[in-house]
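S.K.: Okay, so here is entry-v8.txt, and as you'll see once you scroll down, it has compact mmCIF, C-alpha atoms and all ligand atoms.
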```txt
# COMPACT_ATOMS: atom_id res chain seq x y z
CA MET A 202 0.00 0.00 0.00
CA SER A 203 1.40 3.40 -0.98
CA ASP A 204 1.82 6.36 1.42
CA GLU A 205 -0.80 8.20 -0.61
CA SER A 206 -3.43 5.52 -0.02
CA LYS A 207 -2.54 5.44 3.68
CA ASP A 208 -3.26 9.16 3.94
CA ARG A 209 -6.56 8.96 2.10
CA PRO A 210 -8.88 8.27 5.13
CA GLY A 211 -7.38 11.21 7.02
CA ALA A 212 -7.56 13.45 3.99
CA ALA A 213 -11.21 12.53 3.40
CA ALA A 214 -12.04 13.21 7.04
CA GLY A 215 -10.29 16.56 6.77
CA ARG A 216 -12.30 17.48 3.70
CA ARG A 217 -15.54 16.43 5.43
CA GLY A 218 -14.62 18.54 8.45
CA PHE A 219 -13.79 21.49 6.27
CA LEU A 220 -17.07 21.18 4.32
CA ALA A 221 -19.09 20.86 7.54
CA ALA A 222 -17.41 23.91 9.03
CA ALA A 223 -17.91 25.88 5.81
CA SER A 224 -21.59 25.02 5.53
CA THR A 225 -22.11 25.89 9.22
CA ALA A 226 -20.44 29.25 8.63
CA VAL A 227 -22.60 29.92 5.55
CA MET A 228 -25.77 28.96 7.42
CA SER A 229 -24.79 31.13 10.38
CA ALA A 230 -24.09 34.07 8.12
CA GLY A 231 -27.44 33.56 6.42
CA LEU A 232 -29.24 33.40 9.76
CA VAL A 233 -27.45 36.49 11.06
CA GLY A 234 -28.26 38.32 7.83
CA GLY A 235 -31.86 37.17 7.91
CA TYR A 236 -32.36 38.06 11.56
CA GLY A 237 -30.57 41.35 11.01
CA ALA A 238 -32.90 42.30 8.18
CA PHE A 239 -35.89 41.21 10.24
CA ALA A 240 -34.67 43.23 13.25
CA ALA A 241 -34.16 46.29 11.04
CA ILE A 242 -37.69 46.02 9.63
CA ALA A 243 -39.18 45.38 13.08
CA GLY A 244 -37.24 48.34 14.48
CA ARG A 245 -38.56 50.64 11.79
CA PHE A 246 -42.08 49.40 12.51
CA LEU A 247 -41.80 49.72 16.29
CA TYR A 248 -39.81 52.95 16.33
CA PRO A 249 -40.67 54.81 13.12
CA ALA A 250 -38.21 57.58 12.40
CA ARG A 251 -39.60 61.04 13.06
CA PRO A 252 -39.43 62.88 9.76
CA ALA A 253 -36.31 65.01 10.05
CA ASP A 254 -37.70 67.43 7.51
CA ARG A 255 -40.21 69.10 9.81
CA GLY A 256 -39.87 72.13 12.03
CA TRP A 257 -41.75 74.93 13.79
CA GLN A 258 -42.61 78.33 12.42
CA PHE A 259 -43.71 81.29 14.50
CA LEU A 260 -47.27 82.48 13.86
CA ILE A 261 -48.38 85.12 16.35
CA GLU A 262 -48.50 86.05 20.03
CA GLU A 263 -51.29 83.88 21.36
CA ALA A 264 -52.72 86.73 23.47
CA ARG A 265 -53.58 88.61 20.27
CA VAL A 266 -56.08 85.95 19.22
CA ALA A 267 -59.54 86.00 20.81
CA ILE A 268 -61.88 83.04 21.11
CA GLY A 269 -63.67 82.60 17.78
CA ASP A 270 -60.95 84.39 15.83
CA SER A 271 -59.52 82.71 12.77
CA LEU A 272 -56.21 83.53 11.13
CA HIS A 273 -54.90 82.41 7.82
CA TYR A 274 -51.43 81.12 7.18
CA ARG A 275 -49.70 79.94 4.02
CA THR A 276 -47.13 77.17 4.47
CA PRO A 277 -43.79 77.31 2.65
CA ALA A 278 -45.28 74.78 0.21
CA GLY A 279 -48.16 77.17 -0.51
CA GLU A 280 -50.86 75.34 1.42
CA ASN A 281 -53.45 77.59 3.05
CA VAL A 282 -54.14 76.84 6.71
CA SER A 283 -56.90 78.19 8.93
CA ILE A 284 -56.00 78.53 12.63
CA THR A 285 -58.98 79.08 14.91
CA ARG A 286 -59.08 79.74 18.63
CA LYS A 287 -61.70 77.74 20.54
CA GLU A 288 -60.67 78.31 24.16
CA ARG A 289 -58.44 80.56 26.22
CA ASN A 290 -56.27 78.51 28.56
CA GLY A 291 -52.95 79.67 27.17
CA GLU A 292 -52.33 76.22 25.65
CA ALA A 293 -51.84 74.94 22.10
CA GLY A 294 -55.04 72.94 22.59
CA ASP A 295 -56.94 76.24 22.58
CA PHE A 296 -56.32 76.35 18.84
CA ILE A 297 -56.95 74.11 15.89
CA ALA A 298 -55.03 74.41 12.62
CA LEU A 299 -56.68 72.87 9.59
CA SER A 300 -55.93 72.92 5.91
CA SER A 301 -58.23 75.38 4.13
CA THR A 302 -58.26 73.25 1.03
CA CYS A 303 -61.47 71.26 0.65
CA PRO A 304 -60.73 67.56 0.12
CA HIS A 305 -63.61 67.36 -2.37
CA LEU A 306 -62.34 69.45 -5.30
CA GLY A 307 -59.87 71.80 -3.67
CA CYS A 308 -61.91 74.97 -3.07
CA GLN A 309 -61.03 77.10 -0.06
CA VAL A 310 -63.09 76.50 3.07
CA HIS A 311 -63.55 79.14 5.79
CA TRP A 312 -64.54 79.19 9.44
CA GLU A 313 -68.05 80.38 10.26
CA GLY A 314 -67.97 81.27 13.94
CA GLN A 315 -71.67 82.03 14.04
CA ASN A 316 -72.47 78.53 12.74
CA ASN A 317 -69.59 76.80 14.57
CA ARG A 318 -68.43 75.10 11.40
CA TYR A 319 -66.08 75.26 8.43
CA PHE A 320 -67.89 75.83 5.19
CA CYS A 321 -66.98 75.22 1.56
CA PRO A 322 -69.29 77.29 -0.65
CA CYS A 323 -68.44 75.49 -3.90
CA HIS A 324 -70.76 72.56 -3.20
CA ASN A 325 -71.98 73.39 0.32
CA GLY A 326 -69.42 71.23 2.04
CA VAL A 327 -69.69 71.39 5.83
CA PHE A 328 -67.05 70.42 8.40
CA ASP A 329 -67.41 70.35 12.17
CA PRO A 330 -65.04 72.38 14.42
CA ASP A 331 -62.52 69.51 14.30
CA GLY A 332 -62.51 69.51 10.50
CA VAL A 333 -64.57 66.33 10.07
CA GLY A 334 -66.83 66.42 7.02
CA ILE A 335 -70.47 66.36 8.13
CA GLY A 336 -72.34 67.72 5.11
CA GLY A 337 -72.23 68.02 1.35
CA PRO A 338 -69.82 65.93 -0.73
CA PRO A 339 -67.08 65.79 1.97
CA GLY A 340 -69.63 64.54 4.50
CA ASP A 341 -70.91 61.91 2.08
CA ALA A 342 -67.37 60.75 1.32
CA GLY A 343 -66.20 60.78 4.95
CA GLN A 344 -63.47 63.33 4.18
CA SER A 345 -61.81 65.59 6.73
CA LEU A 346 -59.56 68.64 6.61
CA PRO A 347 -55.88 67.72 7.24
CA ARG A 348 -54.72 68.98 10.65
CA TYR A 349 -51.43 70.71 11.56
CA ALA A 350 -49.63 70.50 14.90
CA LEU A 351 -49.33 73.67 17.02
CA LYS A 352 -47.39 74.61 20.14
CA ILE A 353 -47.07 77.62 22.44
CA GLU A 354 -43.75 78.68 23.92
CA LYS A 355 -43.42 81.79 26.09
CA GLY A 356 -46.74 83.09 24.81
CA LEU A 357 -45.85 82.58 21.16
CA LEU A 358 -47.86 80.32 18.87
CA TYR A 359 -45.98 78.08 16.42
CA ILE A 360 -47.09 75.73 13.65
CA GLU A 361 -45.25 72.62 12.46
CA VAL A 362 -44.40 72.60 8.75
CA GLY A 363 -42.10 70.68 6.41
CA PHE A 364 -38.45 71.72 6.06
CA ASP A 365 -38.21 70.21 2.57
CA SER A 366 -40.78 72.67 1.39
CA LEU A 367 -39.08 75.41 3.43
CA ALA A 368 -35.88 74.85 1.50
CA ALA A 369 -37.75 74.70 -1.76
CA SER A 370 -40.11 77.62 -1.31
CA GLY A 371 -38.79 79.89 1.43
CA GLU A 372 -40.64 81.02 4.54
CA GLY A 373 -44.29 80.51 5.29
CA GLU A 374 -46.33 83.61 6.01
CA LEU A 375 -49.27 84.79 8.02
CA ILE A 376 -51.47 86.10 5.25
CA GLU A 377 -54.37 87.32 7.34
CA GLU A 378 -54.49 88.65 10.88
CA PRO A 379 -57.18 87.38 13.25
CA GLU A 380 -60.70 88.14 12.19
CA ARG A 381 -64.13 86.68 12.73
CA SER A 382 -64.81 85.35 9.27
CA ALA A 383 -63.32 85.18 5.81
CA ALA A 384 -66.03 87.35 4.26
CA GLY A 385 -64.75 89.44 1.42
CA HIS A 386 -62.53 86.95 -0.34
CA ASP A 387 -63.59 84.45 -2.94
CA PRO A 388 -63.18 81.01 -1.35
CA CYS A 389 -63.67 79.27 -4.69
CA LEU A 390 -60.28 80.52 -5.83
CA ASP A 391 -57.68 77.84 -5.40
CA ARG A 392 -54.11 78.75 -4.41
CA ARG A 393 -53.01 79.08 -8.00
CA GLY A 394 -55.78 81.60 -8.58
CA GLY A 395 -57.91 79.34 -10.75
CA LYS A 396 -61.63 79.08 -10.11
CA ARG A 397 -63.01 75.61 -9.45
CA SER A 398 -66.10 74.49 -11.28
CA ALA A 399 -69.03 72.97 -9.41
S1 LIG B 1 -64.94 71.64 -3.39
FE1 LIG B 1 -65.65 71.81 -1.35
S2 LIG B 1 -67.56 70.85 -1.38
FE2 LIG B 1 -66.83 70.65 -3.39
```
Just dump the structure as structure tokens.

M.R.:
Amino acid sequence: MSDESKDRPGAAAGRRGFLAAASTAVMSAGLVGGYGAFAAIAGRFLYPARPADRGWQFLIEEARVAIGDSLHYRTPAGENVSITRKERNGEAGDFIALSSTCPHLGCQVHWEGQNNRYFCPCHNGVFDPDGVGIGGPPGDAGQSLPRYALKIEKGLLYIEVGFDSLAASGEGELIEEPERSAAGHDPCLDRRGGKRSA
């Protein structure tokens, strides 16, 4: 028997050991990768990242706004927002900030303090004080006015807006000081100045 044939059993065992170790390593790497991907997905689900592209913009001294007053603000992206005061506790919860753009066909809604509602005159859309559609096409479709976050710091009222749009379009602006109603402007004009058809 040659030396080569004598070494064969040991060599075969070595190859088997090497293959077993290699396959274990591959499986382990696969498991680690799989669990890692799963953990990353689960982490994103459990702890969703707060959009880093949002920030606060100053609106007005809260003391200047009386209960029932509504002010109008245009976001850096050009969205019109209606901010209405409902209570006077010196808290952000005294106010509600809602998009002025009707979710039906995009006309401008306005606050009617005397009727305690937001109204869209294009097709008689009616929203309750929280912006929930309760009449007309938005009520039928279960549509609501998008809501914006507010905060008060040292007596100053701020609204949360997107930084992406800030960078793209510049500052937002308070386009109307507090007043009781939006009478006098045409609410059927959209923000580009076009008139919506019924
Ligand atoms: S656009 Fe407002 S009800 Fe139609």

S.K.: Using 12 Å as the limit and counting all atoms listed in the file, can you tabulate each residue of chain A that touches ligand LIG 1 (chain B), with its shortest atom-to-atom distance in Å and the two atoms involved, as a tab-separated table?

M.R.:
```
residue	atom	partner	partner_atom	distance
A:Ser301	CA	B:LIG1	FE1	9.9
A:Thr302	CA	B:LIG1	FE1	7.9
A:Cys303	CA	B:LIG1	FE1	4.7
A:Pro304	CA	B:LIG1	FE1	6.7
A:His305	CA	B:LIG1	S1	4.6
A:Leu306	CA	B:LIG1	S1	3.9
A:Gly307	CA	B:LIG1	S1	5.1
A:Cys308	CA	B:LIG1	S1	4.5
A:Gln309	CA	B:LIG1	FE1	7.1
A:Val310	CA	B:LIG1	FE1	6.9
A:His311	CA	B:LIG1	FE1	10.4
A:Tyr319	CA	B:LIG1	FE1	10.4
A:Phe320	CA	B:LIG1	FE1	8.0
A:Cys321	CA	B:LIG1	FE1	4.7
A:Pro322	CA	B:LIG1	FE1	6.6
A:Cys323	CA	B:LIG1	FE2	5.1
A:His324	CA	B:LIG1	S2	4.1
A:Asn325	CA	B:LIG1	S2	5.4
A:Gly326	CA	B:LIG1	S2	3.9
A:Val327	CA	B:LIG1	S2	7.5
A:Phe328	CA	B:LIG1	S2	9.8
A:Gly334	CA	B:LIG1	S2	9.5
A:Ile335	CA	B:LIG1	S2	10.9
A:Gly336	CA	B:LIG1	S2	8.6
A:Gly337	CA	B:LIG1	S2	6.1
A:Pro338	CA	B:LIG1	S2	5.5
A:Pro339	CA	B:LIG1	S2	6.1
A:Gly340	CA	B:LIG1	S2	8.9
A:Asp341	CA	B:LIG1	S2	10.2
A:Ala342	CA	B:LIG1	S2	10.5
A:Gly343	CA	B:LIG1	S2	12.0
A:Gln344	CA	B:LIG1	S2	10.2
A:Ser345	CA	B:LIG1	FE1	10.9
A:Leu346	CA	B:LIG1	FE1	10.5
A:Pro388	CA	B:LIG1	FE1	9.5
A:Cys389	CA	B:LIG1	S1	7.8
A:Leu390	CA	B:LIG1	S1	10.3
A:Asp391	CA	B:LIG1	S1	9.8
A:Lys396	CA	B:LIG1	S1	10.6
A:Arg397	CA	B:LIG1	S1	7.5
A:Ser398	CA	B:LIG1	S1	8.5
A:Ala399	CA	B:LIG1	FE2	6.8
```

S.K.: Keeping only C-alpha atoms, write the selected residues as a PDB file, in the coordinates of the input.

M.R.:
```
ATOM      1  CA  SER A 301     -58.230  75.380   4.130  1.00  0.00           C
ATOM      2  CA  THR A 302     -58.260  73.250   1.030  1.00  0.00           C
ATOM      3  CA  CYS A 303     -61.470  71.260   0.650  1.00  0.00           C
ATOM      4  CA  PRO A 304     -60.730  67.560   0.120  1.00  0.00           C
ATOM      5  CA  HIS A 305     -63.610  67.360  -2.370  1.00  0.00           C
ATOM      6  CA  LEU A 306     -62.340  69.450  -5.300  1.00  0.00           C
ATOM      7  CA  GLY A 307     -59.870  71.800  -3.670  1.00  0.00           C
ATOM      8  CA  CYS A 308     -61.910  74.970  -3.070  1.00  0.00           C
ATOM      9  CA  GLN A 309     -61.030  77.100  -0.060  1.00  0.00           C
ATOM     10  CA  VAL A 310     -63.090  76.500   3.070  1.00  0.00           C
ATOM     11  CA  HIS A 311     -63.550  79.140   5.790  1.00  0.00           C
ATOM     12  CA  TYR A 319     -66.080  75.260   8.430  1.00  0.00           C
ATOM     13  CA  PHE A 320     -67.890  75.830   5.190  1.00  0.00           C
ATOM     14  CA  CYS A 321     -66.980  75.220   1.560  1.00  0.00           C
ATOM     15  CA  PRO A 322     -69.290  77.290  -0.650  1.00  0.00           C
ATOM     16  CA  CYS A 323     -68.440  75.490  -3.900  1.00  0.00           C
ATOM     17  CA  HIS A 324     -70.760  72.560  -3.200  1.00  0.00           C
ATOM     18  CA  ASN A 325     -71.980  73.390   0.320  1.00  0.00           C
ATOM     19  CA  GLY A 326     -69.420  71.230   2.040  1.00  0.00           C
ATOM     20  CA  VAL A 327     -69.690  71.390   5.830  1.00  0.00           C
ATOM     21  CA  PHE A 328     -67.050  70.420   8.400  1.00  0.00           C
ATOM     22  CA  GLY A 334     -66.830  66.420   7.020  1.00  0.00           C
ATOM     23  CA  ILE A 335     -70.470  66.360   8.130  1.00  0.00           C
ATOM     24  CA  GLY A 336     -72.340  67.720   5.110  1.00  0.00           C
ATOM     25  CA  GLY A 337     -72.230  68.020   1.350  1.00  0.00           C
ATOM     26  CA  PRO A 338     -69.820  65.930  -0.730  1.00  0.00           C
ATOM     27  CA  PRO A 339     -67.080  65.790   1.970  1.00  0.00           C
ATOM     28  CA  GLY A 340     -69.630  64.540   4.500  1.00  0.00           C
ATOM     29  CA  ASP A 341     -70.910  61.910   2.080  1.00  0.00           C
ATOM     30  CA  ALA A 342     -67.370  60.750   1.320  1.00  0.00           C
ATOM     31  CA  GLY A 343     -66.200  60.780   4.950  1.00  0.00           C
ATOM     32  CA  GLN A 344     -63.470  63.330   4.180  1.00  0.00           C
ATOM     33  CA  SER A 345     -61.810  65.590   6.730  1.00  0.00           C
ATOM     34  CA  LEU A 346     -59.560  68.640   6.610  1.00  0.00           C
ATOM     35  CA  PRO A 388     -63.180  81.010  -1.350  1.00  0.00           C
ATOM     36  CA  CYS A 389     -63.670  79.270  -4.690  1.00  0.00           C
ATOM     37  CA  LEU A 390     -60.280  80.520  -5.830  1.00  0.00           C
ATOM     38  CA  ASP A 391     -57.680  77.840  -5.400  1.00  0.00           C
ATOM     39  CA  LYS A 396     -61.630  79.080 -10.110  1.00  0.00           C
ATOM     40  CA  ARG A 397     -63.010  75.610  -9.450  1.00  0.00           C
ATOM     41  CA  SER A 398     -66.100  74.490 -11.280  1.00  0.00           C
ATOM     42  CA  ALA A 399     -69.030  72.970  -9.410  1.00  0.00           C
TER      43      ALA A 399
END
```

S.K.: List as a compact mmCIF listing (two decimals) with C-alpha atoms, in the frame of the given file the protein and nucleic acid residues near Pro330 in chain A, meaning an atom at most 12 Å away when only C-alpha atoms are counted, but skip any in the same chain fewer than 6 places from it.

M.R.:
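Result went into out_13.txt, see below:
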```txt
# COMPACT_ATOMS: atom_id res chain seq x y z
CA GLY A 269 -63.67 82.60 17.78
CA SER A 271 -59.52 82.71 12.77
CA SER A 283 -56.90 78.19 8.93
CA ILE A 284 -56.00 78.53 12.63
CA THR A 285 -58.98 79.08 14.91
CA ARG A 286 -59.08 79.74 18.63
CA LYS A 287 -61.70 77.74 20.54
CA PHE A 296 -56.32 76.35 18.84
CA ILE A 297 -56.95 74.11 15.89
CA ALA A 298 -55.03 74.41 12.62
CA LEU A 299 -56.68 72.87 9.59
CA HIS A 311 -63.55 79.14 5.79
CA TRP A 312 -64.54 79.19 9.44
CA GLU A 313 -68.05 80.38 10.26
CA GLY A 314 -67.97 81.27 13.94
CA GLN A 315 -71.67 82.03 14.04
CA ASN A 316 -72.47 78.53 12.74
CA ASN A 317 -69.59 76.80 14.57
CA ARG A 318 -68.43 75.10 11.40
CA TYR A 319 -66.08 75.26 8.43
CA PHE A 320 -67.89 75.83 5.19
CA SER A 345 -61.81 65.59 6.73
CA LEU A 346 -59.56 68.64 6.61
CA ARG A 348 -54.72 68.98 10.65
```

S.K.: Can you measure CA of Asp295 in chain A to CA of Gly279 in chain A for me? One decimal in Å is fine.

M.R.: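 Between CA of Asp295 in chain A and CA of Gly279 in chain A the gap is 24.7 Å.
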
S.K.: Would you mind reading off the distance between CA of Tyr359 in chain A and CA of Asp329 in chain A, one decimal, in Å?

M.R.: 23.2 Å
